[in-house]
file coords.txt (compact mmCIF, N, CA, C and O atoms)
# COMPACT_ATOMS: atom_id res chain seq x y z
N MET A 1 -5.56 21.49 -9.83
CA MET A 1 -5.02 20.47 -8.96
C MET A 1 -4.13 19.55 -9.77
O MET A 1 -4.43 19.25 -10.92
N ASN A 2 -3.06 19.11 -9.16
CA ASN A 2 -2.07 18.28 -9.83
C ASN A 2 -2.21 16.80 -9.50
O ASN A 2 -1.23 16.07 -9.57
N LEU A 3 -3.39 16.35 -9.14
CA LEU A 3 -3.62 14.94 -8.82
C LEU A 3 -4.58 14.32 -9.82
O LEU A 3 -5.61 14.90 -10.13
N MET A 4 -4.24 13.13 -10.30
CA MET A 4 -5.13 12.37 -11.17
C MET A 4 -5.25 10.98 -10.57
O MET A 4 -4.27 10.23 -10.52
N PRO A 5 -6.44 10.61 -10.06
CA PRO A 5 -6.58 9.28 -9.45
C PRO A 5 -6.50 8.17 -10.51
O PRO A 5 -6.92 8.36 -11.65
N LEU A 6 -5.97 7.05 -10.10
CA LEU A 6 -5.84 5.90 -10.99
C LEU A 6 -6.92 4.87 -10.68
O LEU A 6 -7.44 4.82 -9.58
N SER A 7 -7.23 4.07 -11.67
CA SER A 7 -8.14 2.94 -11.54
C SER A 7 -9.48 3.36 -10.93
O SER A 7 -10.12 4.27 -11.43
N ASP A 8 -9.89 2.71 -9.84
CA ASP A 8 -11.20 2.98 -9.24
C ASP A 8 -11.10 3.90 -8.03
O ASP A 8 -11.88 3.83 -7.11
N ARG A 9 -10.13 4.81 -8.06
CA ARG A 9 -9.95 5.73 -6.93
C ARG A 9 -10.61 7.07 -7.21
O ARG A 9 -10.76 7.48 -8.35
N VAL A 10 -10.97 7.74 -6.12
CA VAL A 10 -11.68 9.02 -6.17
C VAL A 10 -10.98 9.97 -5.21
O VAL A 10 -10.60 9.57 -4.10
N ILE A 11 -10.81 11.22 -5.61
CA ILE A 11 -10.23 12.24 -4.72
C ILE A 11 -11.36 13.12 -4.21
O ILE A 11 -12.16 13.63 -4.99
N VAL A 12 -11.42 13.26 -2.88
CA VAL A 12 -12.51 13.98 -2.22
C VAL A 12 -11.93 15.11 -1.38
O VAL A 12 -10.94 14.92 -0.67
N LYS A 13 -12.55 16.28 -1.47
CA LYS A 13 -12.24 17.41 -0.59
C LYS A 13 -13.16 17.28 0.61
O LYS A 13 -14.37 17.42 0.49
N GLN A 14 -12.58 17.01 1.76
CA GLN A 14 -13.34 16.75 2.98
C GLN A 14 -14.01 18.03 3.47
O GLN A 14 -13.43 19.11 3.43
N GLU A 15 -15.27 17.91 3.95
CA GLU A 15 -15.96 19.04 4.55
C GLU A 15 -15.30 19.40 5.87
O GLU A 15 -14.65 18.57 6.50
N GLU A 16 -15.49 20.63 6.29
CA GLU A 16 -14.94 21.08 7.57
C GLU A 16 -15.66 20.40 8.72
O GLU A 16 -16.86 20.12 8.64
N ALA A 17 -14.95 20.15 9.81
CA ALA A 17 -15.55 19.56 11.01
C ALA A 17 -16.50 20.56 11.64
O ALA A 17 -16.29 21.78 11.57
N GLU A 18 -17.56 20.06 12.24
CA GLU A 18 -18.54 20.91 12.90
C GLU A 18 -17.92 21.65 14.07
O GLU A 18 -17.17 21.07 14.85
N GLU A 19 -18.25 22.93 14.20
CA GLU A 19 -17.75 23.75 15.30
C GLU A 19 -18.65 23.64 16.53
O GLU A 19 -18.19 23.85 17.64
N LYS A 20 -19.94 23.34 16.30
CA LYS A 20 -20.93 23.27 17.40
C LYS A 20 -21.75 22.00 17.26
O LYS A 20 -21.97 21.51 16.16
N THR A 21 -22.25 21.53 18.39
CA THR A 21 -23.18 20.41 18.36
C THR A 21 -24.57 20.94 18.03
O THR A 21 -24.79 22.15 18.01
N ALA A 22 -25.51 20.05 17.80
CA ALA A 22 -26.89 20.46 17.50
C ALA A 22 -27.50 21.25 18.66
O ALA A 22 -28.35 22.12 18.45
N SER A 23 -27.06 20.98 19.88
CA SER A 23 -27.60 21.69 21.05
C SER A 23 -26.86 22.99 21.34
O SER A 23 -27.18 23.68 22.30
N GLY A 24 -25.84 23.34 20.52
CA GLY A 24 -25.16 24.62 20.67
C GLY A 24 -23.86 24.59 21.45
O GLY A 24 -23.27 25.64 21.69
N ILE A 25 -23.38 23.43 21.83
CA ILE A 25 -22.13 23.33 22.57
C ILE A 25 -20.97 23.50 21.59
O ILE A 25 -20.91 22.84 20.56
N ILE A 26 -20.04 24.40 21.89
CA ILE A 26 -18.89 24.65 21.03
C ILE A 26 -17.84 23.57 21.30
O ILE A 26 -17.48 23.32 22.45
N LEU A 27 -17.34 22.96 20.23
CA LEU A 27 -16.38 21.87 20.34
C LEU A 27 -14.95 22.38 20.23
O LEU A 27 -14.66 23.26 19.43
N THR A 28 -14.05 21.80 21.01
CA THR A 28 -12.62 22.10 20.87
C THR A 28 -12.08 21.30 19.71
O THR A 28 -12.69 20.33 19.26
N SER A 29 -10.90 21.65 19.24
CA SER A 29 -10.34 20.96 18.08
C SER A 29 -10.09 19.47 18.36
O SER A 29 -10.18 18.65 17.47
N GLY A 30 -9.78 19.11 19.59
CA GLY A 30 -9.52 17.72 19.94
C GLY A 30 -10.77 16.85 20.00
O GLY A 30 -10.69 15.64 19.87
N SER A 31 -11.92 17.47 20.20
CA SER A 31 -13.15 16.68 20.34
C SER A 31 -14.02 16.69 19.09
O SER A 31 -15.10 16.12 19.09
N LYS A 32 -13.56 17.33 18.02
CA LYS A 32 -14.35 17.36 16.78
C LYS A 32 -14.31 16.00 16.11
O LYS A 32 -13.27 15.35 16.05
N GLU A 33 -15.46 15.61 15.59
CA GLU A 33 -15.55 14.35 14.83
C GLU A 33 -14.92 14.54 13.46
O GLU A 33 -15.08 15.58 12.83
N LYS A 34 -14.24 13.53 12.97
CA LYS A 34 -13.70 13.56 11.62
C LYS A 34 -14.87 13.48 10.64
O LYS A 34 -15.69 12.57 10.72
N PRO A 35 -15.01 14.45 9.74
CA PRO A 35 -16.14 14.43 8.80
C PRO A 35 -16.12 13.19 7.92
O PRO A 35 -15.06 12.68 7.58
N GLN A 36 -17.30 12.72 7.55
CA GLN A 36 -17.44 11.58 6.67
C GLN A 36 -18.14 11.99 5.39
O GLN A 36 -18.74 11.17 4.71
N ARG A 37 -18.04 13.26 5.07
CA ARG A 37 -18.75 13.80 3.92
C ARG A 37 -17.81 14.75 3.19
O ARG A 37 -17.02 15.45 3.81
N GLY A 38 -17.89 14.77 1.87
CA GLY A 38 -17.05 15.66 1.09
C GLY A 38 -17.49 15.75 -0.35
O GLY A 38 -18.43 15.07 -0.78
N LYS A 39 -16.79 16.59 -1.10
CA LYS A 39 -17.10 16.81 -2.51
C LYS A 39 -16.03 16.15 -3.37
O LYS A 39 -14.83 16.32 -3.14
N VAL A 40 -16.47 15.41 -4.39
CA VAL A 40 -15.56 14.73 -5.31
C VAL A 40 -14.90 15.78 -6.21
O VAL A 40 -15.59 16.60 -6.82
N VAL A 41 -13.56 15.77 -6.26
CA VAL A 41 -12.84 16.72 -7.11
C VAL A 41 -12.20 16.05 -8.32
O VAL A 41 -11.88 16.72 -9.29
N ALA A 42 -12.02 14.73 -8.28
CA ALA A 42 -11.47 13.99 -9.42
C ALA A 42 -11.84 12.52 -9.30
O ALA A 42 -11.96 11.99 -8.20
N VAL A 43 -12.01 11.88 -10.46
CA VAL A 43 -12.42 10.47 -10.51
C VAL A 43 -11.51 9.73 -11.47
O VAL A 43 -11.19 10.24 -12.55
N GLY A 44 -11.08 8.53 -11.07
CA GLY A 44 -10.26 7.69 -11.94
C GLY A 44 -11.08 7.14 -13.11
O GLY A 44 -12.30 7.32 -13.19
N GLU A 45 -10.41 6.42 -14.01
CA GLU A 45 -11.08 5.91 -15.21
C GLU A 45 -11.98 4.71 -14.94
O GLU A 45 -12.82 4.37 -15.75
N GLY A 46 -11.82 4.06 -13.81
CA GLY A 46 -12.64 2.89 -13.48
C GLY A 46 -11.80 1.64 -13.38
O GLY A 46 -10.63 1.63 -13.76
N LYS A 47 -12.41 0.59 -12.89
CA LYS A 47 -11.72 -0.68 -12.71
C LYS A 47 -12.08 -1.62 -13.86
O LYS A 47 -13.22 -1.62 -14.34
N ARG A 48 -11.14 -2.40 -14.28
CA ARG A 48 -11.40 -3.38 -15.36
C ARG A 48 -12.04 -4.63 -14.77
O ARG A 48 -11.64 -5.13 -13.74
N ASN A 49 -13.05 -5.14 -15.46
CA ASN A 49 -13.71 -6.36 -15.03
C ASN A 49 -12.99 -7.58 -15.61
O ASN A 49 -11.95 -7.44 -16.25
N ASP A 50 -13.56 -8.76 -15.42
CA ASP A 50 -12.93 -10.00 -15.88
C ASP A 50 -12.79 -10.07 -17.40
O ASP A 50 -11.94 -10.79 -17.92
N LYS A 51 -13.62 -9.33 -18.13
CA LYS A 51 -13.57 -9.32 -19.59
C LYS A 51 -12.61 -8.26 -20.12
O LYS A 51 -12.45 -8.11 -21.33
N GLY A 52 -12.00 -7.49 -19.21
CA GLY A 52 -11.07 -6.46 -19.62
C GLY A 52 -11.73 -5.12 -19.95
O GLY A 52 -11.07 -4.19 -20.40
N GLU A 53 -13.03 -5.04 -19.73
CA GLU A 53 -13.76 -3.80 -20.01
C GLU A 53 -13.75 -2.91 -18.77
O GLU A 53 -13.74 -3.41 -17.65
N LEU A 54 -13.79 -1.60 -18.99
CA LEU A 54 -13.86 -0.66 -17.86
C LEU A 54 -15.28 -0.59 -17.33
O LEU A 54 -16.21 -0.35 -18.09
N ASP A 55 -15.44 -0.84 -16.03
CA ASP A 55 -16.73 -0.64 -15.40
C ASP A 55 -16.91 0.85 -15.15
O ASP A 55 -15.97 1.51 -14.69
N PRO A 56 -18.08 1.40 -15.43
CA PRO A 56 -18.28 2.84 -15.22
C PRO A 56 -18.23 3.20 -13.74
O PRO A 56 -18.62 2.41 -12.87
N MET A 57 -17.73 4.40 -13.45
CA MET A 57 -17.67 4.88 -12.06
C MET A 57 -19.04 5.40 -11.65
O MET A 57 -19.68 6.13 -12.42
N PRO A 58 -19.51 5.05 -10.46
CA PRO A 58 -20.84 5.49 -10.02
C PRO A 58 -20.88 6.93 -9.54
O PRO A 58 -21.95 7.48 -9.31
N VAL A 59 -19.72 7.56 -9.36
CA VAL A 59 -19.67 8.95 -8.92
C VAL A 59 -18.99 9.80 -9.99
O VAL A 59 -18.26 9.28 -10.83
N LYS A 60 -19.24 11.11 -9.95
CA LYS A 60 -18.60 12.02 -10.89
C LYS A 60 -18.13 13.26 -10.15
O LYS A 60 -18.47 13.46 -8.99
N LYS A 61 -17.35 14.06 -10.81
CA LYS A 61 -16.83 15.29 -10.22
C LYS A 61 -17.98 16.17 -9.73
O LYS A 61 -19.02 16.24 -10.36
N ASN A 62 -17.78 16.79 -8.57
CA ASN A 62 -18.73 17.69 -7.90
C ASN A 62 -19.86 16.98 -7.17
O ASN A 62 -20.71 17.65 -6.59
N ASP A 63 -19.90 15.64 -7.17
CA ASP A 63 -20.87 14.91 -6.33
C ASP A 63 -20.48 15.10 -4.87
O ASP A 63 -19.29 15.11 -4.54
N THR A 64 -21.47 15.23 -4.00
CA THR A 64 -21.22 15.21 -2.56
C THR A 64 -21.46 13.78 -2.10
O THR A 64 -22.50 13.20 -2.39
N VAL A 65 -20.48 13.21 -1.39
CA VAL A 65 -20.54 11.79 -1.02
C VAL A 65 -20.34 11.61 0.48
O VAL A 65 -19.78 12.46 1.16
N ILE A 66 -20.81 10.47 0.96
CA ILE A 66 -20.57 10.03 2.33
C ILE A 66 -19.69 8.79 2.24
O ILE A 66 -19.97 7.88 1.46
N TYR A 67 -18.63 8.76 3.03
CA TYR A 67 -17.66 7.67 2.96
C TYR A 67 -17.33 7.16 4.36
O TYR A 67 -17.71 7.77 5.35
N GLY A 68 -16.62 6.05 4.43
CA GLY A 68 -16.26 5.44 5.69
C GLY A 68 -15.36 6.31 6.54
O GLY A 68 -14.50 7.02 6.03
N LYS A 69 -15.56 6.27 7.84
CA LYS A 69 -14.81 7.11 8.78
C LYS A 69 -13.31 6.89 8.69
O LYS A 69 -12.53 7.83 8.79
N TYR A 70 -12.88 5.66 8.53
CA TYR A 70 -11.45 5.36 8.53
C TYR A 70 -10.94 4.95 7.15
O TYR A 70 -9.85 4.44 7.03
N GLY A 71 -11.73 5.18 6.12
CA GLY A 71 -11.33 4.80 4.77
C GLY A 71 -10.43 5.84 4.11
O GLY A 71 -10.41 7.00 4.49
N GLY A 72 -9.68 5.41 3.14
CA GLY A 72 -8.90 6.32 2.32
C GLY A 72 -7.57 6.74 2.91
O GLY A 72 -7.20 6.37 4.01
N GLN A 73 -6.87 7.52 2.11
CA GLN A 73 -5.55 8.03 2.48
C GLN A 73 -5.59 9.55 2.41
O GLN A 73 -5.93 10.11 1.37
N GLU A 74 -5.26 10.21 3.50
CA GLU A 74 -5.24 11.67 3.52
C GLU A 74 -3.94 12.17 2.91
O GLU A 74 -2.87 11.66 3.23
N VAL A 75 -4.04 13.16 2.02
CA VAL A 75 -2.87 13.76 1.39
C VAL A 75 -3.04 15.28 1.37
O VAL A 75 -4.16 15.79 1.41
N THR A 76 -1.92 15.99 1.31
CA THR A 76 -1.93 17.44 1.17
C THR A 76 -1.20 17.80 -0.11
O THR A 76 -0.06 17.38 -0.32
N VAL A 77 -1.87 18.55 -1.00
CA VAL A 77 -1.29 18.98 -2.26
C VAL A 77 -1.54 20.47 -2.41
O VAL A 77 -2.70 20.91 -2.30
N ASP A 78 -0.50 21.22 -2.67
CA ASP A 78 -0.59 22.67 -2.83
C ASP A 78 -1.31 23.33 -1.65
O ASP A 78 -2.11 24.25 -1.82
N GLY A 79 -1.05 22.82 -0.44
CA GLY A 79 -1.64 23.40 0.76
C GLY A 79 -3.08 23.02 1.02
O GLY A 79 -3.68 23.48 1.99
N GLU A 80 -3.68 22.18 0.20
CA GLU A 80 -5.06 21.72 0.37
C GLU A 80 -5.06 20.26 0.80
O GLU A 80 -4.27 19.45 0.31
N ASP A 81 -5.98 19.91 1.72
CA ASP A 81 -6.10 18.54 2.20
C ASP A 81 -7.17 17.79 1.40
O ASP A 81 -8.26 18.32 1.17
N TYR A 82 -6.83 16.58 1.00
CA TYR A 82 -7.74 15.72 0.24
C TYR A 82 -7.69 14.31 0.82
O TYR A 82 -6.77 13.96 1.55
N ILE A 83 -8.68 13.51 0.43
CA ILE A 83 -8.69 12.09 0.77
C ILE A 83 -8.79 11.31 -0.53
O ILE A 83 -9.63 11.63 -1.38
N ILE A 84 -7.93 10.32 -0.70
CA ILE A 84 -8.01 9.43 -1.86
C ILE A 84 -8.67 8.14 -1.40
O ILE A 84 -8.18 7.46 -0.50
N LEU A 85 -9.83 7.84 -1.99
CA LEU A 85 -10.63 6.67 -1.61
C LEU A 85 -10.80 5.73 -2.78
O LEU A 85 -10.81 6.16 -3.93
N ARG A 86 -10.99 4.47 -2.49
CA ARG A 86 -11.49 3.54 -3.50
C ARG A 86 -12.99 3.78 -3.60
O ARG A 86 -13.63 4.13 -2.61
N VAL A 87 -13.54 3.57 -4.75
CA VAL A 87 -14.97 3.81 -4.94
C VAL A 87 -15.79 2.92 -4.00
O VAL A 87 -16.88 3.30 -3.56
N ASP A 88 -15.27 1.77 -3.62
CA ASP A 88 -15.97 0.86 -2.69
C ASP A 88 -16.07 1.44 -1.28
O ASP A 88 -16.89 0.99 -0.48
N ASP A 89 -15.23 2.44 -0.93
CA ASP A 89 -15.27 3.08 0.38
C ASP A 89 -16.34 4.17 0.46
O ASP A 89 -16.56 4.73 1.51
N ILE A 90 -16.96 4.48 -0.68
CA ILE A 90 -18.03 5.49 -0.70
C ILE A 90 -19.36 4.79 -0.48
O ILE A 90 -19.68 3.84 -1.19
N TYR A 91 -20.11 5.28 0.51
CA TYR A 91 -21.37 4.63 0.87
C TYR A 91 -22.57 5.21 0.15
O TYR A 91 -23.54 4.50 -0.12
N ALA A 92 -22.56 6.53 -0.13
CA ALA A 92 -23.74 7.15 -0.71
C ALA A 92 -23.38 8.46 -1.40
O ALA A 92 -22.38 9.10 -1.08
N ILE A 93 -24.23 8.85 -2.35
CA ILE A 93 -24.17 10.15 -2.99
C ILE A 93 -25.31 10.99 -2.39
O ILE A 93 -26.46 10.53 -2.35
N VAL A 94 -25.01 12.19 -1.93
CA VAL A 94 -26.02 13.07 -1.35
C VAL A 94 -26.66 13.86 -2.47
O VAL A 94 -25.97 14.55 -3.23
N LYS A 95 -27.97 13.77 -2.61
CA LYS A 95 -28.70 14.50 -3.65
C LYS A 95 -29.24 15.80 -3.12
O LYS A 95 -29.57 15.97 -2.01
call {"tool": "encode", "arguments": {"input": "coords.txt", "output": "structure tokens"}}
result
Amino acid sequence: MNLMPLSDRVIVKQEEAEEKTASGIILTSGSKEKPQRGKVVAVGEGKRNDKGELDPMPVKKNDTVIYGKYGGQEVTVDGEDYIILRVDDIYAIVK
């Protein structure tokens, strides 16, 4: 991949939208929910604090994360779709 996030940004490969509901109803493309879960593919170096030191990033490459529904910027690189998020837009790491 030719993307390197800067500062406290994270690049996430979004999971595919669900094709069926839990009860088995097949969803059309217009009614699918935008996924809020994905895999981290790149992490920036971190944000500098008031002392000029880099704060460590709480996520790392290959972590599966849950993020805000409307957070981040969607981009397409080499035919692949990614989301660039600030680390503050990530709510949880899935273990």
call {"tool": "select_by_dssp", "arguments": {"input": "coords.txt", "residues": "chain A", "states": "strand (DSSP E)", "output": "short mmCIF file (atom, residue, chain, number, x, y, z; two decimals) with N, CA, C and O atoms, in the coordinates of the input"}}
result
data_model
loop_
_atom_site.label_atom_id
_atom_site.label_comp_id
_atom_site.auth_asym_id
_atom_site.auth_seq_id
_atom_site.Cartn_x
_atom_site.Cartn_y
_atom_site.Cartn_z
N ARG A 9 -10.13 4.81 -8.06
CA ARG A 9 -9.95 5.73 -6.93
C ARG A 9 -10.61 7.07 -7.21
O ARG A 9 -10.76 7.48 -8.35
N VAL A 10 -10.97 7.74 -6.12
CA VAL A 10 -11.68 9.02 -6.17
C VAL A 10 -10.98 9.97 -5.21
O VAL A 10 -10.60 9.57 -4.10
N ILE A 11 -10.81 11.22 -5.61
CA ILE A 11 -10.23 12.24 -4.72
C ILE A 11 -11.36 13.12 -4.21
O ILE A 11 -12.16 13.63 -4.99
N VAL A 12 -11.42 13.26 -2.88
CA VAL A 12 -12.51 13.98 -2.22
C VAL A 12 -11.93 15.11 -1.38
O VAL A 12 -10.94 14.92 -0.67
N LYS A 13 -12.55 16.28 -1.47
CA LYS A 13 -12.24 17.41 -0.59
C LYS A 13 -13.16 17.28 0.61
O LYS A 13 -14.37 17.42 0.49
N GLN A 14 -12.58 17.01 1.76
CA GLN A 14 -13.34 16.75 2.98
C GLN A 14 -14.01 18.03 3.47
O GLN A 14 -13.43 19.11 3.43
N ARG A 37 -18.04 13.26 5.07
CA ARG A 37 -18.75 13.80 3.92
C ARG A 37 -17.81 14.75 3.19
O ARG A 37 -17.02 15.45 3.81
N GLY A 38 -17.89 14.77 1.87
CA GLY A 38 -17.05 15.66 1.09
C GLY A 38 -17.49 15.75 -0.35
O GLY A 38 -18.43 15.07 -0.78
N LYS A 39 -16.79 16.59 -1.10
CA LYS A 39 -17.10 16.81 -2.51
C LYS A 39 -16.03 16.15 -3.37
O LYS A 39 -14.83 16.32 -3.14
N VAL A 40 -16.47 15.41 -4.39
CA VAL A 40 -15.56 14.73 -5.31
C VAL A 40 -14.90 15.78 -6.21
O VAL A 40 -15.59 16.60 -6.82
N VAL A 41 -13.56 15.77 -6.26
CA VAL A 41 -12.84 16.72 -7.11
C VAL A 41 -12.20 16.05 -8.32
O VAL A 41 -11.88 16.72 -9.29
N ALA A 42 -12.02 14.73 -8.28
CA ALA A 42 -11.47 13.99 -9.42
C ALA A 42 -11.84 12.52 -9.30
O ALA A 42 -11.96 11.99 -8.20
N VAL A 43 -12.01 11.88 -10.46
CA VAL A 43 -12.42 10.47 -10.51
C VAL A 43 -11.51 9.73 -11.47
O VAL A 43 -11.19 10.24 -12.55
N THR A 64 -21.47 15.23 -4.00
CA THR A 64 -21.22 15.21 -2.56
C THR A 64 -21.46 13.78 -2.10
O THR A 64 -22.50 13.20 -2.39
N VAL A 65 -20.48 13.21 -1.39
CA VAL A 65 -20.54 11.79 -1.02
C VAL A 65 -20.34 11.61 0.48
O VAL A 65 -19.78 12.46 1.16
N ILE A 66 -20.81 10.47 0.96
CA ILE A 66 -20.57 10.03 2.33
C ILE A 66 -19.69 8.79 2.24
O ILE A 66 -19.97 7.88 1.46
N TYR A 67 -18.63 8.76 3.03
CA TYR A 67 -17.66 7.67 2.96
C TYR A 67 -17.33 7.16 4.36
O TYR A 67 -17.71 7.77 5.35
N GLN A 73 -6.87 7.52 2.11
CA GLN A 73 -5.55 8.03 2.48
C GLN A 73 -5.59 9.55 2.41
O GLN A 73 -5.93 10.11 1.37
N GLU A 74 -5.26 10.21 3.50
CA GLU A 74 -5.24 11.67 3.52
C GLU A 74 -3.94 12.17 2.91
O GLU A 74 -2.87 11.66 3.23
N VAL A 75 -4.04 13.16 2.02
CA VAL A 75 -2.87 13.76 1.39
C VAL A 75 -3.04 15.28 1.37
O VAL A 75 -4.16 15.79 1.41
N THR A 76 -1.92 15.99 1.31
CA THR A 76 -1.93 17.44 1.17
C THR A 76 -1.20 17.80 -0.11
O THR A 76 -0.06 17.38 -0.32
N VAL A 77 -1.87 18.55 -1.00
CA VAL A 77 -1.29 18.98 -2.26
C VAL A 77 -1.54 20.47 -2.41
O VAL A 77 -2.70 20.91 -2.30
N GLU A 80 -3.68 22.18 0.20
CA GLU A 80 -5.06 21.72 0.37
C GLU A 80 -5.06 20.26 0.80
O GLU A 80 -4.27 19.45 0.31
N ASP A 81 -5.98 19.91 1.72
CA ASP A 81 -6.10 18.54 2.20
C ASP A 81 -7.17 17.79 1.40
O ASP A 81 -8.26 18.32 1.17
N TYR A 82 -6.83 16.58 1.00
CA TYR A 82 -7.74 15.72 0.24
C TYR A 82 -7.69 14.31 0.82
O TYR A 82 -6.77 13.96 1.55
N ILE A 83 -8.68 13.51 0.43
CA ILE A 83 -8.69 12.09 0.77
C ILE A 83 -8.79 11.31 -0.53
O ILE A 83 -9.63 11.63 -1.38
N ILE A 84 -7.93 10.32 -0.70
CA ILE A 84 -8.01 9.43 -1.86
C ILE A 84 -8.67 8.14 -1.40
O ILE A 84 -8.18 7.46 -0.50
N LEU A 85 -9.83 7.84 -1.99
CA LEU A 85 -10.63 6.67 -1.61
C LEU A 85 -10.80 5.73 -2.78
O LEU A 85 -10.81 6.16 -3.93
N ARG A 86 -10.99 4.47 -2.49
CA ARG A 86 -11.49 3.54 -3.50
C ARG A 86 -12.99 3.78 -3.60
O ARG A 86 -13.63 4.13 -2.61
N ILE A 90 -16.96 4.48 -0.68
CA ILE A 90 -18.03 5.49 -0.70
C ILE A 90 -19.36 4.79 -0.48
O ILE A 90 -19.68 3.84 -1.19
N TYR A 91 -20.11 5.28 0.51
CA TYR A 91 -21.37 4.63 0.87
C TYR A 91 -22.57 5.21 0.15
O TYR A 91 -23.54 4.50 -0.12
N ALA A 92 -22.56 6.53 -0.13
CA ALA A 92 -23.74 7.15 -0.71
C ALA A 92 -23.38 8.46 -1.40
O ALA A 92 -22.38 9.10 -1.08
N ILE A 93 -24.23 8.85 -2.35
CA ILE A 93 -24.17 10.15 -2.99
C ILE A 93 -25.31 10.99 -2.39
O ILE A 93 -26.46 10.53 -2.35
N VAL A 94 -25.01 12.19 -1.93
CA VAL A 94 -26.02 13.07 -1.35
C VAL A 94 -26.66 13.86 -2.47
O VAL A 94 -25.97 14.55 -3.23
#
call {"tool": "atom_distance", "arguments": {"input": "coords.txt", "atom1": "atom N of A:Lys69", "atom2": "atom C of A:Glu53"}}
result
28.2 Å
call {"tool": "residues_near_point", "arguments": {"input": "coords.txt", "point": "(-18.6, 7.6, -0.3)", "cutoff": "6 Å", "atoms": "all atoms listed in the file", "output": "list in words"}}
result
Val65, Ile66, Tyr67, Gly68, Val87, Asp89, Ile90, Tyr91 and Ala92 of chain A
call {"tool": "residues_around", "arguments": {"input": "coords.txt", "residues": "stretch 76-78 of chain A", "least_positions_apart": "4", "cutoff": "9 Å", "atoms": "only C-alpha atoms", "output": "list of chain:residue names"}}
result
A:Met1, A:Asn2, A:Leu3, A:Tyr82, A:Ile83
call {"tool": "atom_distance", "arguments": {"input": "coords.txt", "atom1": "atom C of A:Arg48", "atom2": "atom O of A:Asp88"}}
result
16.1 Å
call {"tool": "atom_distance", "arguments": {"input": "coords.txt", "atom1": "atom N of A:Pro5", "atom2": "atom C of A:Asp50"}}
result
22.8 Å
call {"tool": "residues_near_point", "arguments": {"input": "coords.txt", "point": "(-18.8, 2.4, -11.2)", "cutoff": "8 Å", "atoms": "all atoms listed in the file", "output": "CSV table (one decimal) with N, CA, C and O atoms, in the coordinates of the input"}}
result
chain,number,residue,atom,x,y,z
A,8,ASP,N,-9.9,2.7,-9.8
A,8,ASP,CA,-11.2,3.0,-9.2
A,8,ASP,C,-11.1,3.9,-8.0
A,8,ASP,O,-11.9,3.8,-7.1
A,45,GLU,N,-10.4,6.4,-14.0
A,45,GLU,CA,-11.1,5.9,-15.2
A,45,GLU,C,-12.0,4.7,-14.9
A,45,GLU,O,-12.8,4.4,-15.8
A,46,GLY,N,-11.8,4.1,-13.8
A,46,GLY,CA,-12.6,2.9,-13.5
A,46,GLY,C,-11.8,1.6,-13.4
A,46,GLY,O,-10.6,1.6,-13.8
A,47,LYS,N,-12.4,0.6,-12.9
A,47,LYS,CA,-11.7,-0.7,-12.7
A,47,LYS,C,-12.1,-1.6,-13.9
A,47,LYS,O,-13.2,-1.6,-14.3
A,54,LEU,N,-13.8,-1.6,-19.0
A,54,LEU,CA,-13.9,-0.7,-17.9
A,54,LEU,C,-15.3,-0.6,-17.3
A,54,LEU,O,-16.2,-0.4,-18.1
A,55,ASP,N,-15.4,-0.8,-16.0
A,55,ASP,CA,-16.7,-0.6,-15.4
A,55,ASP,C,-16.9,0.8,-15.2
A,55,ASP,O,-16.0,1.5,-14.7
A,56,PRO,N,-18.1,1.4,-15.4
A,56,PRO,CA,-18.3,2.8,-15.2
A,56,PRO,C,-18.2,3.2,-13.7
A,56,PRO,O,-18.6,2.4,-12.9
A,57,MET,N,-17.7,4.4,-13.4
A,57,MET,CA,-17.7,4.9,-12.1
A,57,MET,C,-19.0,5.4,-11.6
A,57,MET,O,-19.7,6.1,-12.4
A,58,PRO,N,-19.5,5.0,-10.5
A,58,PRO,CA,-20.8,5.5,-10.0
A,58,PRO,C,-20.9,6.9,-9.5
A,58,PRO,O,-22.0,7.5,-9.3
A,59,VAL,N,-19.7,7.6,-9.4
A,59,VAL,CA,-19.7,9.0,-8.9
A,59,VAL,C,-19.0,9.8,-10.0
A,59,VAL,O,-18.3,9.3,-10.8
A,87,VAL,N,-13.5,3.6,-4.8
A,87,VAL,CA,-15.0,3.8,-4.9
A,87,VAL,C,-15.8,2.9,-4.0
A,87,VAL,O,-16.9,3.3,-3.6
call {"tool": "residues_around", "arguments": {"input": "coords.txt", "residues": "A:Gln14", "least_positions_apart": "5", "cutoff": "8 Å", "atoms": "all atoms listed in the file", "output": "number ranges by chain"}}
result
A: 35-40, 65, 81-83
call {"tool": "closest_residue", "arguments": {"input": "coords.txt", "among": "A:Thr64, A:Ile84, A:Val10, A:Gln73", "to": "A:Ala42", "atoms": "only N, CA, C and O atoms"}}
result
A:Val10
call {"tool": "select_by_dssp", "arguments": {"input": "coords.txt", "residues": "chain A", "states": "helix (DSSP H, G or I)", "output": "list of chain:residue names"}}
result
A:Ser29, A:Gly30, A:Ser31, A:Val87, A:Asp88, A:Asp89
call {"tool": "decode", "arguments": {"input": "coords.txt", "residues": "stretch 74-79 of chain A", "atoms": "N, CA and C atoms", "output": "short mmCIF file (atom, residue, chain, number, x, y, z; two decimals), in the first residue's frame"}}
result
data_model
loop_
_atom_site.label_atom_id
_atom_site.label_comp_id
_atom_site.auth_asym_id
_atom_site.auth_seq_id
_atom_site.Cartn_x
_atom_site.Cartn_y
_atom_site.Cartn_z
N GLU A 74 -13.12 8.62 3.74
CA GLU A 74 -13.02 7.46 2.87
C GLU A 74 -12.14 7.80 1.67
N VAL A 75 -11.19 6.90 1.35
CA VAL A 75 -10.31 7.09 0.20
C VAL A 75 -10.20 5.76 -0.55
N THR A 76 -9.87 5.85 -1.84
CA THR A 76 -9.62 4.67 -2.65
C THR A 76 -8.20 4.76 -3.19
N VAL A 77 -7.38 3.73 -2.92
CA VAL A 77 -6.01 3.67 -3.38
C VAL A 77 -5.77 2.32 -4.02
N ASP A 78 -5.27 2.32 -5.24
CA ASP A 78 -5.00 1.08 -5.98
C ASP A 78 -6.23 0.18 -6.04
N GLY A 79 -7.41 0.79 -6.18
CA GLY A 79 -8.65 0.03 -6.30
C GLY A 79 -9.20 -0.51 -4.99
#
